[in-house]
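> The structure under discussion is supplied below as structure tokens; questions concerning it will follow.
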Amino acid sequence: MIFSFSRLSLYETCPYRFYKKYIQGYEEPITYPLALGKGVHKAIEDKINGISHSEAVLNGLIEADFHPEVTLEELSDLVSRAPIQKNMGATEVHFKLPLSKDESAPIVQGYIDVVSEDGGKIVDWKTNRSRYDILDNHQVGLYAWAIGQMKNQSTVEGNLYFLRFSRGSKFVFKQADMEKSRQWALAVANEINSKCEILDMLPNKAENLFLSTPSSYCRHCPFVIECFRKFSGK
């Protein structure tokens, strides 16, 4: 399995939902927040690359697959809040790297919204309705580690920009900070791989290996009714 921050984060949030989605392969419906995020990211990418605002927003709506809750007005407003600068960097930069030097090391990949030419600065756009600090999770730290590897950078300035609030959260990641995020990703990936190996030998133990973890995220989970029926008596 190739990992990403979102996969690792989902496992930490609820191992059972991770199991349903990434091991059993059940597709989740495209929600409004997901569709909006895809549309906004596409539109901002296009604007950075020289496409007009109106055309970029239309391309964003297409990227959102014309989700019924995503409007052209909201897309346009959020995109207009992005502090786009000329020559600010490459967009949607892909990385795919082993998390350690071991031959069997887990692989992590991802897409970084903006990377400066020298790799010293990265930006991640957020359409969230609430803000949080850049150090509240390992996403940007992991991205900084990846760019540090690719661009041979010992420090990387990471930026989260919350479009609804026109506010950012930034942190200069040094090698120790990047290493902390890499170690987090490696530990979670190794835990998942170990459980998958056990699952291959004991396929009837899935629910014991990948436990349901009730939280506020349950209200957005398509498996919540099934989960309640399975685990409510345990």
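Residues are named by chain letter and number: chains run A, B, ... in the order of the structure tokens, numbers start at 1 in each chain, and ligands are numbered from 1 in the order shown.
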Please provide the set of residues having any atom within 8 Å of segment 127-139 of chain A, restricted to only C-alpha atoms, with same-chain residues fewer than 2 positions apart removed, written as a PyMOL selection string.

chain A and resi 5+33+36-37+40+78+125+141-143+159-160+162-164+169-171+181+184

> Check segment 193-227 of chain A with DSSP on the backbone and list each residue it calls helix (DSSP H, G or I), as a ChimeraX atom specification.

/A:193-201,203-209,216-220,224-227

> Quick one: which segment 167-207 of chain A residues come within 12 Å of segment 23-30 of chain A, and what is the nearest atom pair for each with the distance in Å to one decimal, counting only C-alpha atoms, rows ordered by chain and ascending number, as JSON lines?


```
{"residue": "A:Ile192", "atom": "CA", "partner": "A:Ile23", "partner_atom": "CA", "distance": 10.4}
{"residue": "A:Asn193", "atom": "CA", "partner": "A:Ile23", "partner_atom": "CA", "distance": 11.0}
{"residue": "A:Lys195", "atom": "CA", "partner": "A:Ile23", "partner_atom": "CA", "distance": 11.1}
{"residue": "A:Cys196", "atom": "CA", "partner": "A:Ile23", "partner_atom": "CA", "distance": 8.6}
{"residue": "A:Glu197", "atom": "CA", "partner": "A:Ile23", "partner_atom": "CA", "distance": 11.9}
{"residue": "A:Leu199", "atom": "CA", "partner": "A:Ile23", "partner_atom": "CA", "distance": 10.2}
{"residue": "A:Asp200", "atom": "CA", "partner": "A:Ile23", "partner_atom": "CA", "distance": 11.2}
{"residue": "A:Pro203", "atom": "CA", "partner": "A:Gln24", "partner_atom": "CA", "distance": 11.6}
{"residue": "A:Ala206", "atom": "CA", "partner": "A:Ile23", "partner_atom": "CA", "distance": 10.1}
```

> Have a look at A:Ser52, A:Ala146, A:Glu69, A:Lys126 and name the one nearest to Val93 of chain A; count only C-alpha atoms.

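Comparing A:Ser52, A:Ala146, A:Glu69, A:Lys126 against Val93 of chain A, the winner is A:Ala146.
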
> Point out the residue among A:Asn49, A:Thr71, A:Ser104, A:Asn59 with the least atom-to-atom distance to Asn190 of chain A, counting only C-alpha atoms.

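Of the candidates, the smallest distance to Asn190 of chain A is held by A:Ser104.
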
> So which one's closest to Ala144 of chain A, A:Tyr11, A:Phe228, A:Phe165, A:Phe173? Using only C-alpha atoms, please.

A:Phe173

> A:Gln85, A:His220, A:Tyr32, A:Ala176: which is nearest Val70 of chain A, counting only C-alpha atoms?

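Among A:Gln85, A:His220, A:Tyr32, A:Ala176, it is A:Tyr32 that comes nearest to Val70 of chain A.
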
> Excluding same-chain residues fewer than 4 positions from Ile62 of chain A, what lies within 12 Å of it counting only C-alpha atoms, as a ChimeraX atom specification?

/A:35-36,38-43,55-58,66-68,70-72,75

> Would you mind exporting N, CA and C atoms of the selected residues as a short mmCIF file (atom, residue, chain, number, x, y, z; two decimals), in the first residue's frame?


```
data_model
loop_
_atom_site.label_atom_id
_atom_site.label_comp_id
_atom_site.auth_asym_id
_atom_site.auth_seq_id
_atom_site.Cartn_x
_atom_site.Cartn_y
_atom_site.Cartn_z
N ALA A 35 -15.74 18.19 -2.63
CA ALA A 35 -15.93 18.74 -3.97
C ALA A 35 -15.50 20.21 -4.02
N LEU A 36 -15.86 20.97 -2.99
CA LEU A 36 -15.48 22.38 -2.93
C LEU A 36 -13.97 22.52 -2.89
N LYS A 38 -11.67 20.47 -3.99
CA LYS A 38 -11.10 20.13 -5.30
C LYS A 38 -11.27 21.28 -6.28
N GLY A 39 -12.46 21.87 -6.28
CA GLY A 39 -12.72 22.96 -7.21
C GLY A 39 -11.88 24.18 -6.93
N VAL A 40 -11.77 24.55 -5.66
CA VAL A 40 -10.99 25.73 -5.28
C VAL A 40 -9.52 25.53 -5.60
N HIS A 41 -8.99 24.35 -5.28
CA HIS A 41 -7.57 24.09 -5.55
C HIS A 41 -7.28 24.16 -7.05
N LYS A 42 -8.16 23.60 -7.86
CA LYS A 42 -7.96 23.65 -9.31
C LYS A 42 -7.98 25.09 -9.81
N ALA A 43 -8.93 25.88 -9.34
CA ALA A 43 -9.05 27.26 -9.80
C ALA A 43 -7.83 28.09 -9.40
N GLU A 55 -12.25 32.18 -15.99
CA GLU A 55 -12.03 30.86 -16.61
C GLU A 55 -11.54 29.86 -15.57
N ALA A 56 -10.69 30.32 -14.66
CA ALA A 56 -10.18 29.43 -13.60
C ALA A 56 -11.31 28.94 -12.71
N VAL A 57 -12.23 29.83 -12.36
CA VAL A 57 -13.36 29.44 -11.51
C VAL A 57 -14.26 28.46 -12.23
N LEU A 58 -14.47 28.66 -13.51
CA LEU A 58 -15.28 27.72 -14.29
C LEU A 58 -14.60 26.36 -14.34
N PHE A 66 -19.54 19.64 -10.88
CA PHE A 66 -20.83 20.32 -10.76
C PHE A 66 -21.65 19.80 -9.57
N HIS A 67 -20.95 19.60 -8.45
CA HIS A 67 -21.63 19.16 -7.22
C HIS A 67 -22.77 20.14 -6.92
N PRO A 68 -23.96 19.64 -6.59
CA PRO A 68 -25.12 20.53 -6.44
C PRO A 68 -24.98 21.58 -5.34
N VAL A 70 -22.03 23.09 -4.56
CA VAL A 70 -20.92 23.99 -4.88
C VAL A 70 -21.39 25.02 -5.90
N THR A 71 -21.34 26.28 -5.51
CA THR A 71 -21.82 27.34 -6.40
C THR A 71 -20.64 28.10 -7.00
N LEU A 72 -20.90 28.70 -8.16
CA LEU A 72 -19.89 29.52 -8.82
C LEU A 72 -19.51 30.71 -7.95
N LEU A 75 -17.18 29.56 -5.04
CA LEU A 75 -15.87 29.27 -5.62
C LEU A 75 -15.11 30.55 -5.93
#
```

> Tell me, as a list in words, which residues lie within 10 Å of Gly148 of chain A, counting only C-alpha atoms; anything in the same chain fewer than 5 positions away does not count.

Gly119, Gly120, Leu142, Tyr143, Gln153, Ser154, Thr155, Val156, Phe173, Lys174, Gln175 and Met178 of chain A

> Figure out the distance between atom CA of Leu61 of chain A and atom CA of Phe223 of chain A, please, to one decimal in Å.

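So the answer is 27.9 Å.
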
> Between atom CA of Glu92 of chain A and atom CA of Val114 of chain A, measure the distance and give it in Å to one decimal.

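Computed distance, atom CA of Glu92 of chain A to atom CA of Val114 of chain A, equals 6.2 Å.
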
> Mind checking DSSP for segment 125-181 of chain A and telling me the strand (DSSP E or B) residues as JSON, numbers by chain?

{"A": [125, 126, 156, 157, 158, 159, 160, 161, 162, 167, 168, 169, 170, 171, 172, 173]}

> Ser80 of chain A: which residues within 9 Å, counting only C-alpha atoms, same-chain residues fewer than 3 positions away excluded, as a PyMOL selection string?

chain A and resi 44+53+75-77+83-84+163

> Store the residues picked out above in a file with N, CA and C atoms, as an mmCIF file, in the first residue's frame.


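Result file follows (part02.cif):
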```cif
data_model
loop_
_atom_site.group_PDB
_atom_site.id
_atom_site.type_symbol
_atom_site.label_atom_id
_atom_site.label_comp_id
_atom_site.auth_asym_id
_atom_site.auth_seq_id
_atom_site.Cartn_x
_atom_site.Cartn_y
_atom_site.Cartn_z
ATOM 1 N N ILE A 44 -7.363 27.919 -8.156
ATOM 2 C CA ILE A 44 -6.190 28.672 -7.721
ATOM 3 C C ILE A 44 -4.959 28.253 -8.521
ATOM 4 N N HIS A 53 -9.332 34.852 -13.952
ATOM 5 C CA HIS A 53 -10.135 34.449 -12.793
ATOM 6 C C HIS A 53 -11.413 33.738 -13.213
ATOM 7 N N LEU A 75 -17.178 29.563 -5.045
ATOM 8 C CA LEU A 75 -15.869 29.268 -5.623
ATOM 9 C C LEU A 75 -15.109 30.550 -5.927
ATOM 10 N N SER A 76 -15.784 31.488 -6.589
ATOM 11 C CA SER A 76 -15.139 32.735 -6.976
ATOM 12 C C SER A 76 -14.664 33.518 -5.759
ATOM 13 N N ASP A 77 -15.499 33.569 -4.729
ATOM 14 C CA ASP A 77 -15.143 34.310 -3.522
ATOM 15 C C ASP A 77 -13.918 33.712 -2.841
ATOM 16 N N PRO A 83 -3.820 34.770 -1.717
ATOM 17 C CA PRO A 83 -2.800 35.808 -1.979
ATOM 18 C C PRO A 83 -1.817 35.351 -3.065
ATOM 19 N N ILE A 84 -2.316 35.307 -4.283
ATOM 20 C CA ILE A 84 -1.504 34.841 -5.404
ATOM 21 C C ILE A 84 -0.496 35.916 -5.801
ATOM 22 N N LEU A 163 -8.646 30.197 3.446
ATOM 23 C CA LEU A 163 -9.237 31.147 2.504
ATOM 24 C C LEU A 163 -10.459 31.853 3.066
#
```

> Would you work out the distance separating atom CA of Ser9 of chain A from atom CA of Asn208 of chain A, expressed in Å to one decimal?

19.4 Å
